[in-house]
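Dropping final-v6.txt in here (compact mmCIF, C-alpha atoms):
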# COMPACT_ATOMS: atom_id res chain seq x y z
CA MET P 28 44.35 -4.90 48.13
CA VAL P 29 41.89 -6.84 50.26
CA TYR P 30 38.12 -6.34 50.18
CA GLU P 31 35.97 -7.65 52.97
CA ILE P 32 32.29 -8.36 52.48
CA SER P 33 30.73 -8.42 55.88
CA PHE P 34 27.48 -10.26 56.44
CA PRO P 35 24.76 -9.13 58.85
CA ARG P 36 23.66 -10.80 62.05
CA GLU P 37 20.82 -12.51 60.25
CA PHE P 38 21.36 -12.93 56.53
CA ASN P 39 18.01 -13.45 54.89
CA LYS P 40 15.72 -12.16 52.15
CA TYR P 41 15.36 -8.83 53.95
CA THR P 42 19.07 -8.11 54.34
CA LEU P 43 20.36 -8.83 50.85
CA ASN P 44 20.59 -5.31 49.44
CA ASP P 45 23.62 -4.12 51.39
CA THR P 46 25.46 -7.34 50.62
CA PHE P 47 24.63 -7.00 46.91
CA SER P 48 26.15 -3.49 46.97
CA GLN P 49 29.34 -4.74 48.59
CA TYR P 50 29.49 -7.61 46.13
CA ASN P 51 29.22 -5.25 43.15
CA ARG P 52 32.32 -3.42 44.38
CA VAL P 53 34.17 -6.73 44.36
CA VAL P 54 32.90 -7.76 40.91
CA ASN P 55 33.85 -4.40 39.41
CA GLY P 56 37.06 -3.89 41.37
CA ASN P 57 40.50 -5.38 41.17
CA PHE P 58 41.23 -6.91 44.55
CA GLU P 59 43.95 -9.43 45.34
CA GLU P 60 41.98 -11.00 48.10
CA ILE P 61 38.27 -11.13 48.84
CA VAL P 62 37.17 -12.00 52.34
CA PHE P 63 33.68 -13.19 53.16
CA ASP P 64 33.24 -12.27 56.80
CA LEU P 65 30.53 -14.32 58.48
CA SER P 66 31.85 -13.73 61.98
CA LYS P 67 28.91 -11.57 63.10
CA SER P 68 26.25 -13.82 61.61
CA ARG P 69 24.02 -15.59 64.09
CA PHE P 70 21.79 -17.25 61.53
CA ILE P 71 21.69 -17.55 57.77
CA ARG P 72 18.42 -18.48 56.11
CA PRO P 73 18.36 -20.61 52.92
CA THR P 74 18.08 -17.45 50.80
CA GLY P 75 21.29 -16.15 52.36
CA ILE P 76 23.05 -19.47 51.97
CA VAL P 77 22.42 -19.79 48.22
CA THR P 78 23.44 -16.16 47.79
CA ILE P 79 26.84 -16.62 49.44
CA ILE P 80 27.54 -19.81 47.50
CA ALA P 81 26.53 -18.21 44.19
CA MET P 82 28.66 -15.13 44.99
CA ILE P 83 31.76 -17.21 45.58
CA GLN P 84 31.17 -19.55 42.65
CA TYR P 85 30.50 -16.64 40.30
CA LEU P 86 33.68 -14.83 41.41
CA LYS P 87 35.64 -17.96 40.61
CA CYS P 88 34.10 -17.90 37.11
CA ILE P 89 34.81 -14.26 36.27
CA LYS P 90 38.11 -13.57 38.03
CA SER P 91 41.34 -15.29 37.22
CA HIS P 92 42.83 -16.94 40.30
CA PRO P 93 40.86 -15.00 42.87
CA GLN P 94 42.02 -15.50 46.42
CA ILE P 95 38.88 -16.00 48.42
CA SER P 96 38.78 -16.61 52.11
CA LEU P 97 36.10 -16.98 54.69
CA ILE P 98 35.93 -15.79 58.27
CA HIS P 99 33.80 -18.37 60.00
CA PRO P 100 30.80 -17.46 62.11
CA ARG P 101 31.71 -17.04 65.78
CA ARG P 102 28.53 -18.85 66.69
CA ASN P 103 29.28 -22.56 66.99
CA LYS P 104 25.77 -23.62 66.16
CA LEU P 105 25.87 -21.78 62.82
CA ARG P 106 29.28 -23.25 61.93
CA HIS P 107 27.95 -26.74 62.56
CA TYR P 108 24.78 -26.01 60.62
CA LEU P 109 26.74 -24.73 57.61
CA ASN P 110 28.98 -27.76 57.73
CA ARG P 111 26.07 -30.14 58.07
CA ILE P 112 24.25 -28.78 55.03
CA ASN P 113 27.35 -29.03 52.81
CA PHE P 114 27.95 -25.27 52.59
CA TYR P 115 31.74 -25.39 52.95
CA ASN P 116 32.05 -28.08 50.35
CA LEU P 117 30.15 -26.01 47.79
CA VAL P 118 32.15 -22.84 48.39
CA GLY P 119 35.36 -24.87 48.16
CA ILE P 120 36.83 -23.47 51.32
CA ASP P 121 38.47 -25.70 53.92
CA THR P 122 36.93 -25.74 57.31
CA GLU P 123 37.65 -27.17 60.70
CA GLU P 124 37.47 -30.91 61.12
CA ILE P 125 33.84 -31.55 61.79
CA VAL P 126 32.80 -35.00 60.71
CA ARG P 127 30.06 -34.79 58.12
CA ARG P 128 27.60 -37.61 58.14
CA SER P 129 25.51 -38.31 55.12
CA SER P 130 22.27 -36.35 55.31
CA ARG P 131 20.50 -38.49 52.74
CA GLY P 132 16.81 -38.55 53.49
CA ARG P 133 17.09 -36.77 56.83
CA PHE P 134 17.57 -33.07 56.17
CA PHE P 135 18.11 -30.70 53.29
CA GLU P 136 21.59 -30.17 51.98
CA VAL P 137 22.38 -27.14 49.89
CA THR P 138 22.90 -28.45 46.38
CA ASN P 139 24.50 -27.30 43.16
CA VAL P 140 22.26 -28.49 40.36
CA LYS P 141 24.61 -28.83 37.43
CA SER P 142 22.44 -30.08 34.61
CA HIS P 143 18.80 -30.32 33.63
CA THR P 144 18.94 -34.09 34.13
CA GLU P 145 19.60 -33.52 37.86
CA VAL P 146 16.55 -31.30 38.36
CA ARG P 147 14.08 -34.12 38.84
CA GLY P 148 16.19 -35.99 41.41
CA VAL P 149 16.92 -32.85 43.44
CA SER P 150 13.33 -31.60 43.55
CA GLU P 151 12.06 -35.09 44.38
CA GLU P 152 14.51 -35.49 47.24
CA LEU P 153 13.68 -32.05 48.65
CA ALA P 154 9.96 -32.77 48.46
CA ASP P 155 10.45 -36.18 50.06
CA ILE P 156 12.42 -34.79 53.01
CA PHE P 157 9.92 -31.97 53.30
CA MET P 158 7.09 -34.51 53.55
CA LYS P 159 8.92 -36.55 56.22
CA GLN P 160 9.86 -33.50 58.29
CA THR P 161 6.48 -31.81 58.17
CA ARG P 162 4.32 -34.94 57.93
CA SER P 163 2.55 -33.12 55.13
CA SER P 164 0.18 -34.69 52.65
CA GLU P 165 1.31 -36.33 49.44
CA ASP P 166 -0.51 -33.59 47.52
CA LEU P 167 1.39 -30.78 49.25
CA SER P 168 4.69 -32.56 48.75
CA GLY P 169 3.81 -33.21 45.08
CA ASN P 170 3.06 -29.53 44.55
CA ILE P 171 6.35 -28.53 46.21
CA ASN P 172 8.13 -31.01 43.96
CA SER P 173 6.47 -29.62 40.82
CA SER P 174 7.16 -25.99 41.82
CA LEU P 175 10.83 -26.57 42.56
CA SER P 176 11.34 -28.51 39.36
CA GLU P 177 9.68 -25.73 37.32
CA ILE P 178 11.99 -23.09 38.81
CA LEU P 179 15.14 -25.23 38.55
CA ASP P 180 14.25 -26.25 35.00
CA ASN P 181 14.01 -22.57 34.05
CA ILE P 182 17.68 -22.13 34.98
CA PHE P 183 18.72 -24.60 32.31
CA HIS P 184 16.31 -23.36 29.66
CA HIS P 185 16.66 -19.63 30.11
CA SER P 186 19.47 -18.37 32.30
CA TYR P 187 22.81 -19.47 30.73
CA SER P 188 24.16 -19.40 34.27
CA PRO P 189 27.88 -20.20 34.47
CA ILE P 190 27.39 -21.69 37.92
CA SER P 191 24.16 -23.53 36.97
CA GLY P 192 21.85 -23.35 39.97
CA VAL P 193 22.09 -23.51 43.74
CA VAL P 194 19.16 -24.66 45.83
CA CYS P 195 18.63 -24.76 49.60
CA ALA P 196 15.64 -25.36 51.84
CA GLN P 197 14.76 -25.52 55.49
CA THR P 198 11.67 -26.12 57.55
CA PHE P 199 11.00 -24.05 60.66
CA SER P 200 8.60 -26.17 62.66
CA GLN P 201 7.96 -23.63 65.44
CA LYS P 202 7.09 -20.90 62.94
CA ARG P 203 5.16 -23.48 60.90
CA GLU P 204 6.91 -22.47 57.68
CA ALA P 205 9.40 -23.73 55.13
CA GLU P 206 11.79 -21.68 53.05
CA PHE P 207 13.08 -22.63 49.61
CA ALA P 208 15.74 -20.61 47.80
CA ILE P 209 17.04 -21.05 44.27
CA CYS P 210 19.75 -18.94 42.73
CA ASP P 211 21.66 -18.60 39.48
CA ALA P 212 24.19 -16.19 38.00
CA GLY P 213 22.68 -16.02 34.54
CA ILE P 214 21.39 -13.40 32.16
CA GLY P 215 18.35 -12.49 34.26
CA ILE P 216 14.66 -12.50 33.40
CA LYS P 217 14.71 -9.38 31.21
CA GLU P 218 17.38 -10.66 28.82
CA SER P 219 15.76 -14.07 28.73
CA LEU P 220 12.34 -12.64 27.78
CA LYS P 221 13.93 -10.42 25.16
CA ASN P 222 14.76 -13.56 23.18
CA ASN P 223 11.10 -13.41 22.25
CA PRO P 224 10.50 -10.49 19.83
CA GLU P 225 7.20 -9.80 21.57
CA TYR P 226 9.12 -8.63 24.64
CA SER P 227 12.13 -7.06 22.94
CA ASP P 228 11.14 -3.61 24.18
CA LEU P 229 11.25 -4.45 27.88
CA THR P 230 13.13 -1.59 29.45
CA SER P 231 13.63 -2.58 33.07
CA ASP P 232 14.23 -5.65 35.19
CA MET P 233 11.24 -4.74 37.34
CA LYS P 234 8.91 -4.73 34.33
CA ALA P 235 10.43 -8.00 33.15
CA ILE P 236 9.72 -9.74 36.47
CA LYS P 237 6.15 -8.43 36.38
CA LYS P 238 5.73 -9.72 32.83
CA ALA P 239 7.23 -13.13 33.69
CA LEU P 240 4.61 -13.60 36.41
CA GLU P 241 1.79 -13.20 33.92
CA LYS P 242 0.29 -16.12 32.09
CA GLU P 243 1.73 -17.44 28.85
CA VAL P 244 4.86 -15.34 28.88
CA THR P 245 8.06 -16.97 27.72
CA GLY P 246 11.38 -16.11 26.15
CA THR P 247 11.09 -19.16 23.96
CA ILE P 248 10.20 -18.41 20.37
CA GLY P 249 7.89 -20.48 18.16
CA GLU P 250 4.81 -21.51 20.09
CA ASN P 251 3.99 -24.49 17.90
CA ALA P 252 7.48 -25.58 17.09
CA VAL P 253 8.27 -29.17 17.97
CA GLY P 254 10.87 -29.28 20.70
CA LEU P 255 11.37 -27.88 24.17
CA ASN P 256 9.37 -24.73 23.69
CA ASN P 257 7.54 -23.43 26.70
CA THR P 258 4.08 -22.25 27.49
CA GLY P 259 5.38 -19.74 30.02
CA GLU P 260 3.01 -20.56 32.84
CA GLY P 261 5.26 -22.06 35.51
CA LEU P 262 5.91 -18.90 37.53
CA TYR P 263 2.31 -17.75 37.14
CA TYR P 264 0.92 -20.86 38.85
CA ILE P 265 3.59 -20.80 41.55
CA LYS P 266 2.75 -17.17 42.32
CA GLU P 267 -0.97 -17.96 42.56
CA ALA P 268 -0.31 -20.94 44.86
CA ILE P 269 1.91 -18.85 47.16
CA ILE P 270 -0.77 -16.17 47.42
CA SER P 271 -3.39 -18.83 48.28
CA ASN P 272 -1.02 -20.28 50.85
CA SER P 273 -0.45 -16.83 52.45
CA GLY P 274 3.24 -17.40 51.88
CA ASP P 275 6.04 -15.07 50.78
CA PHE P 276 7.58 -14.89 47.35
CA HIS P 277 10.63 -12.81 46.45
CA ILE P 278 12.37 -12.58 43.11
CA TYR P 279 15.61 -10.68 42.54
CA SER P 280 16.68 -10.48 38.93
CA ARG P 281 19.55 -8.17 37.99
CA LYS P 282 18.38 -4.72 39.21
CA GLY P 283 14.75 -5.62 39.77
CA LYS P 284 12.94 -7.03 42.75
CA MET P 285 9.46 -8.38 43.37
CA SER P 286 8.00 -9.20 46.77
CA ILE P 287 4.74 -10.84 47.66
CA GLU P 288 3.89 -10.82 51.33
CA GLN P 289 0.39 -11.36 52.72
CA GLY P 290 -0.98 -11.10 49.21
CA ASN P 291 0.55 -7.67 48.53
CA ILE P 292 2.77 -7.44 45.48
CA GLU P 293 5.54 -4.84 45.34
CA TYR P 294 8.11 -4.14 42.67
CA SER P 295 11.26 -2.14 43.31
CA ARG P 296 14.78 -1.54 42.15
CA CYS P 297 17.68 -3.14 43.99
CA PRO P 298 21.48 -3.22 43.73
CA LEU P 299 22.56 -5.46 40.87
CA TRP P 300 22.46 -9.19 41.45
CA PRO P 301 24.26 -10.99 38.62
CA GLY P 302 21.46 -13.43 37.86
CA THR P 303 18.15 -14.43 39.40
CA LEU P 304 17.40 -15.34 42.99
CA ILE P 305 14.06 -16.78 44.05
CA SER P 306 12.97 -17.14 47.65
CA ILE P 307 9.74 -18.86 48.65
CA THR P 308 8.36 -19.21 52.15
CA ILE P 309 5.28 -21.36 52.54
CA ASN P 310 2.92 -21.65 55.43
CA LEU P 311 2.82 -25.27 56.62
CA ASP P 312 -0.68 -24.98 58.02
CA ASN P 313 -2.23 -23.91 54.70
CA ASP P 314 -2.76 -25.69 51.40
CA PHE P 315 -0.45 -24.98 48.49
CA PRO P 316 -2.92 -25.34 45.60
CA LEU P 317 -0.59 -25.25 42.61
CA TYR P 318 -2.92 -25.97 39.73
CA ASP P 319 -6.32 -25.28 41.26
CA ASN P 320 -7.41 -22.80 38.60
CA LEU P 321 -7.24 -25.32 35.78
CA ASP P 322 -10.89 -26.35 36.18
CA SER P 323 -12.24 -22.97 35.23
CA GLU P 324 -9.84 -22.76 32.30
CA ILE P 325 -10.80 -26.00 30.61
CA GLU P 326 -14.46 -26.60 31.37
CA GLY P 327 -16.49 -25.70 28.35
CA ALA P 328 -13.48 -25.68 26.02
CA GLU P 329 -13.99 -27.28 22.63
CA GLY P 330 -13.25 -31.03 22.97
CA PHE P 331 -13.47 -31.06 26.78
CA GLY P 332 -16.41 -33.47 26.83
CA MET P 333 -14.55 -36.02 24.72
CA PHE P 334 -12.12 -37.12 27.44
CA ASP P 335 -13.02 -40.39 29.11
CA PHE P 336 -10.91 -39.98 32.24
CA MET G 24 -0.08 -50.76 27.72
CA ILE G 25 2.46 -48.25 29.00
CA LYS G 26 2.88 -48.07 32.76
CA ILE G 27 3.93 -44.46 33.13
CA ALA G 28 5.43 -44.75 36.64
CA GLU G 29 7.67 -47.62 35.49
CA VAL G 30 8.95 -45.59 32.54
CA CYS G 31 9.23 -42.19 34.17
CA GLY G 32 8.88 -42.46 37.94
CA GLU G 33 6.12 -41.43 40.31
CA SER G 34 6.68 -37.66 40.09
CA LEU G 35 6.59 -36.41 36.55
CA ASN G 36 8.70 -33.28 36.23
CA THR G 37 10.80 -31.21 33.82
CA ARG G 38 10.50 -30.45 30.13
CA PHE G 39 13.28 -32.87 29.24
CA TYR G 40 11.62 -35.91 30.82
CA GLY G 41 8.27 -34.84 29.38
CA ALA G 42 9.78 -34.77 25.90
CA SER G 43 11.47 -38.15 26.54
CA LEU G 44 8.17 -39.76 27.55
CA LYS G 45 6.50 -38.25 24.50
CA ASP G 46 9.15 -39.88 22.27
CA TYR G 47 8.72 -43.19 24.11
CA ILE G 48 4.93 -43.10 23.61
CA MET G 49 5.06 -41.97 19.98
CA LYS G 50 7.44 -44.80 19.07
CA ARG G 51 4.62 -47.14 20.07
CA TYR G 52 1.85 -45.09 18.51
CA SER G 53 -0.10 -46.15 15.49
CA SER G 54 -3.40 -44.66 14.36
CA ARG G 55 -4.82 -48.18 14.06
CA ASN G 56 -4.37 -49.26 17.68
CA LYS G 57 -5.40 -47.85 20.99
CA ILE G 58 -2.61 -47.35 23.53
CA ILE G 59 -3.47 -47.66 27.20
CA LEU G 60 -1.56 -45.27 29.45
CA ASP G 61 -1.64 -46.58 33.02
CA PHE G 62 -0.99 -43.85 35.59
CA SER G 63 -0.99 -46.14 38.66
CA ASN G 64 1.40 -44.75 41.33
CA VAL G 65 1.90 -41.43 39.55
CA LYS G 66 1.70 -38.85 42.34
CA SER G 67 2.22 -35.54 40.59
CA MET G 68 2.89 -33.93 37.24
CA SER G 69 4.26 -30.48 36.53
CA GLN G 70 2.74 -28.29 33.85
CA SER G 71 5.99 -28.20 31.85
CA PHE G 72 6.23 -31.98 31.84
CA ALA G 73 2.60 -32.35 30.83
CA ASP G 74 2.92 -29.84 28.03
CA GLN G 75 6.13 -31.31 26.61
CA CYS G 76 4.61 -34.77 26.64
CA PHE G 77 0.85 -34.68 26.15
CA GLY G 78 0.58 -31.15 24.80
CA MET G 79 3.13 -31.96 22.13
CA ILE G 80 1.46 -35.27 21.26
CA VAL G 81 -1.72 -33.29 20.60
CA ALA G 82 0.30 -30.76 18.57
CA GLU G 83 1.59 -33.65 16.49
CA ILE G 84 -1.48 -35.84 15.94
CA GLY G 85 -4.38 -33.52 16.82
CA LEU G 86 -6.87 -33.60 19.67
CA ASN G 87 -9.29 -36.00 18.00
CA SER G 88 -6.62 -38.62 17.37
CA PHE G 89 -5.32 -38.19 20.91
CA GLN G 90 -8.77 -38.78 22.37
CA LYS G 91 -9.45 -41.66 20.00
CA ASN G 92 -6.14 -43.52 20.19
CA PHE G 93 -5.19 -43.22 23.85
CA LYS G 94 -6.98 -44.62 26.85
CA ILE G 95 -5.88 -43.21 30.18
CA ILE G 96 -6.50 -45.32 33.28
CA ASN G 97 -5.83 -45.20 37.04
CA ILE G 98 -5.09 -41.50 37.02
CA LYS G 99 -5.35 -39.10 39.96
CA ALA G 100 -7.91 -36.37 39.39
CA ASP G 101 -5.42 -33.48 39.44
CA VAL G 102 -2.99 -35.25 37.11
CA GLY G 103 -5.83 -35.99 34.69
CA LYS G 104 -6.92 -32.37 34.86
CA MET G 105 -3.43 -31.29 33.88
CA ILE G 106 -3.40 -33.56 30.82
CA LYS G 107 -6.78 -32.21 29.69
CA TYR G 108 -5.53 -28.66 30.24
CA VAL G 109 -2.35 -28.95 28.15
CA ALA G 110 -4.11 -30.99 25.45
CA LEU G 111 -6.91 -28.45 25.05
CA LYS G 112 -4.47 -25.53 25.11
CA ARG G 113 -2.28 -26.98 22.38
CA ALA G 114 -5.37 -27.87 20.33
CA LYS G 115 -6.63 -24.30 20.66
CA LYS G 116 -3.27 -22.91 19.56
CA ILE G 117 -3.24 -25.15 16.51
CA ASN G 118 -6.80 -24.11 15.64
CA ASN G 119 -5.95 -20.42 16.01
CA LYS G 120 -2.85 -20.85 13.90
CA SER G 121 -4.70 -22.60 11.09
CA LYS G 122 -7.51 -20.00 11.22
CA ASN G 123 -4.91 -17.25 10.89
CA GLN G 124 -3.24 -19.02 7.99
CA LYS G 125 -6.61 -19.42 6.23
CA SER G 126 -7.52 -15.77 6.69
CA HIS G 127 -4.06 -14.72 5.42
CA ALA G 128 -4.51 -16.98 2.39
CA ALA G 129 -7.98 -15.56 1.75
CA MET G 130 -6.65 -12.01 1.94
CA ALA G 131 -3.84 -12.86 -0.46
With the file now loaded, output its structure as structure tokens.
Amino acid sequence: MVYEISFPREFNKYTLNDTFSQYNRVVNGNFEEIVFDLSKSRFIRPTGIVTIIAMIQYLKCIKSHPQISLIHPRRNKLRHYLNRINFYNLVGIDTEEIVRRSSRGRFFEVTNVKSHTEVRGVSEELADIFMKQTRSSEDLSGNINSSLSEILDNIFHHSYSPISGVVCAQTFSQKREAEFAICDAGIGIKESLKNNPEYSDLTSDMKAIKKALEKEVTGTIGENAVGLNNTGEGLYYIKEAIISNSGDFHIYSRKGKMSIEQGNIEYSRCPLWPGTLISITINLDNDFPLYDNLDSEIEGAEGFGMFDF
Amino acid sequence: MIKIAEVCGESLNTRFYGASLKDYIMKRYSSRNKIILDFSNVKSMSQSFADQCFGMIVAEIGLNSFQKNFKIINIKADVGKMIKYVALKRAKKINNKSKNQKSHAAMA
């Protein structure tokens, strides 16, 4: 039996739900062949790209010898774009003979981050290309770098994702925005937080996402233990920076979803995604003040006056 | 003197590299000498990195020793702010923990 997942005309953060539903049928079913049909797609945003790659990679992890094929987009421009950003290589599906030139330093390639030691290099390269493409300040690029590394680092400390992480980015100069998408196929935020007894009673993925966006919330146990324990503030500061930037922030984790658009936060249920997917769109004309609130937090604290720098 | 950018690069990210820099610094640490940490060319530092490095140094030797035995130079304002933040947070946690332990002991 063949199952065909068909992708919409524009596959982006707003059109994921239907695809997630189709994907769940494939994950739970017993199909001889699974076809990813991109023929109708005109454009796929970074969020869509990491989703497709994670879907295919995850299927290869959980199914024995799955036969997976791809119907290429009819639109030439999209086929070239997917080839150029290394999409076909990551899904492991042969494509037509388009010569791929190295993109190093010129544009973003979609990347599989396989270990925590790769996080720094990947986030640095993305931030560097971002700075060149948008002629943004060193501060903005540094904050993008720190944000991406925090999210990617979380994959290796919390998610137990069998595919590690997939990251993709693109700038849209006419719209004056940039989109960053990071995806894993791990245990999700709820299960990760439940490692900490304080959050063992979390009942839904939605509540878990909400909790994870608060300050000092982590699944790591032992706040003063020596080792790689966390303070649980990474997502909190990223959320605050996105709101200040008037950007968009979407998190899908298992059956929960969070959206921030124009400062409004909404939580909802969604069809199961086997892991966590984060999509960030930032406004290139606004600041992205990642750690601006620190001043108010530390001034007046005991010992503050003793620093000589 | 430890030139941070030469040891760890210009962008300081991830828990792992934060913990590695902490180990590198603590191997050179002695309560009798002052270590100069030179942040020339360091552009950015994530909160996780800062906490795993400087927060954990404070957790190990205490805030007073950190302030007394380390001199930080050529640091960008926001990077310096981050170090102060994680250092003070870890110090506060240690204080709270020891207060709790004392009150438990008193109750016992």
Which chain G residues have any atom within 8 Å of an atom of chain P, and for each, what is the nearest pair of atoms with distance in Å to one decimal, counting only C-alpha atoms, rows sorted by chain and number, as CSV?
residue,atom,partner,partner_atom,distance
G:Ser34,CA,P:Gly169,CA,7.3
G:Asn36,CA,P:Arg147,CA,6.0
G:Thr37,CA,P:Asp180,CA,6.2
G:Arg38,CA,P:Leu255,CA,6.5
G:Phe39,CA,P:Leu255,CA,7.4
G:Ala42,CA,P:Leu255,CA,7.3
G:Lys66,CA,P:Gly169,CA,6.6
G:Ser67,CA,P:Gly169,CA,5.3
G:Met68,CA,P:Ser173,CA,6.6
G:Ser69,CA,P:Ser173,CA,4.9
G:Gln70,CA,P:Gly261,CA,6.9
G:Ser71,CA,P:Glu177,CA,7.0
G:Asp74,CA,P:Thr258,CA,7.7
G:Gln75,CA,P:Leu255,CA,6.7
G:Met79,CA,P:Val253,CA,7.2
G:Ala82,CA,P:Asn251,CA,7.3
G:Leu86,CA,P:Gly330,CA,7.6
G:Gln90,CA,P:Phe334,CA,6.3
G:Lys94,CA,P:Asp335,CA,7.7
G:Ile95,CA,P:Phe336,CA,6.3
G:Ile96,CA,P:Phe336,CA,7.0
G:Ile98,CA,P:Phe336,CA,7.7
G:Asp101,CA,P:Tyr318,CA,7.9
G:Gly103,CA,P:Phe336,CA,6.9
G:Lys104,CA,P:Leu321,CA,7.1
G:Met105,CA,P:Leu321,CA,7.3
G:Lys107,CA,P:Phe331,CA,7.4
G:Tyr108,CA,P:Ile325,CA,5.9
G:Leu111,CA,P:Gly330,CA,7.2
G:Lys116,CA,P:Asn251,CA,7.6
G:Ile117,CA,P:Asn251,CA,7.4
Original post:
Using only C-alpha atoms, which residues sit within 9 Å of range 88-104 of chain P once same-chain residues fewer than 5 positions away are excluded, as an MDAnalysis selection string?
Top reply: chainID P and resid 54 58:70 83 109 120 122 189:190
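Between Asp312 in chain P and the candidates P:His107, P:Lys202, P:Arg36, P:Lys266, the tightest atom-to-atom separation, counting all atoms listed in the file, involves P:Lys202.
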Subject >> Contacts of Phe199 in chain P at 10 Å (all atoms listed in the file; same-chain gap of 5+ positions) as a ChimeraX atom specification >> reply: /P:160-161,204-206,310-311
**OP:** Place a sphere of radius 9 Å on (25.4, -14.0, 50.3) in the file coordinates and name every protein, DNA or RNA residue with an atom inside or on its surface, counting all atoms listed in the file; give the answer as a VMD selection string.
**Re:** chain P and resid 34 38 to 39 43 46 to 47 50 63 74 to 83
Given the selection you just returned, output its residues as a file containing C-alpha atoms, formatted as a PDB file, in the coordinates of the input.
ATOM      1  CA  PHE P  34      27.480 -10.260  56.440  1.00  0.00           C
ATOM      2  CA  PHE P  38      21.360 -12.930  56.530  1.00  0.00           C
ATOM      3  CA  ASN P  39      18.010 -13.450  54.890  1.00  0.00           C
ATOM      4  CA  LEU P  43      20.360  -8.830  50.850  1.00  0.00           C
ATOM      5  CA  THR P  46      25.460  -7.340  50.620  1.00  0.00           C
ATOM      6  CA  PHE P  47      24.630  -7.000  46.910  1.00  0.00           C
ATOM      7  CA  TYR P  50      29.490  -7.610  46.130  1.00  0.00           C
ATOM      8  CA  PHE P  63      33.680 -13.190  53.160  1.00  0.00           C
ATOM      9  CA  THR P  74      18.080 -17.450  50.800  1.00  0.00           C
ATOM     10  CA  GLY P  75      21.290 -16.150  52.360  1.00  0.00           C
ATOM     11  CA  ILE P  76      23.050 -19.470  51.970  1.00  0.00           C
ATOM     12  CA  VAL P  77      22.420 -19.790  48.220  1.00  0.00           C
ATOM     13  CA  THR P  78      23.440 -16.160  47.790  1.00  0.00           C
ATOM     14  CA  ILE P  79      26.840 -16.620  49.440  1.00  0.00           C
ATOM     15  CA  ILE P  80      27.540 -19.810  47.500  1.00  0.00           C
ATOM     16  CA  ALA P  81      26.530 -18.210  44.190  1.00  0.00           C
ATOM     17  CA  MET P  82      28.660 -15.130  44.990  1.00  0.00           C
ATOM     18  CA  ILE P  83      31.760 -17.210  45.580  1.00  0.00           C
TER      19      ILE P  83
END
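For the pair CA of Ile48 in chain G and CA of Leu60 in chain G, the separation is 9.0 Å.
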**OP:** Rounded to one decimal place, report the CA of Asn291 in chain P-CA of Thr245 in chain P distance in Å.
**Re:** 24.0 Å
**OP:** Excluding Asp45 in chain P and residues on its chain fewer than 6 positions from it, collect all residues at most 12 Å away from it, counting all atoms listed in the file, and give them as a count of residues only.
**Re:** 12
Can you tell me which residues surround Asn92 in chain G at a distance of at most 8 Å, considering all atoms listed in the file, apart from same-chain residues fewer than 2 positions away, and format the answer as a compact mmCIF listing (two decimals) with C-alpha atoms, in the frame of the given file?
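Result file is selection-v4.txt:
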# COMPACT_ATOMS: atom_id res chain seq x y z
CA SER G 54 -3.40 -44.66 14.36
CA ARG G 55 -4.82 -48.18 14.06
CA ASN G 56 -4.37 -49.26 17.68
CA LYS G 57 -5.40 -47.85 20.99
CA ILE G 58 -2.61 -47.35 23.53
CA SER G 88 -6.62 -38.62 17.37
CA PHE G 89 -5.32 -38.19 20.91
CA GLN G 90 -8.77 -38.78 22.37
CA LYS G 94 -6.98 -44.62 26.85
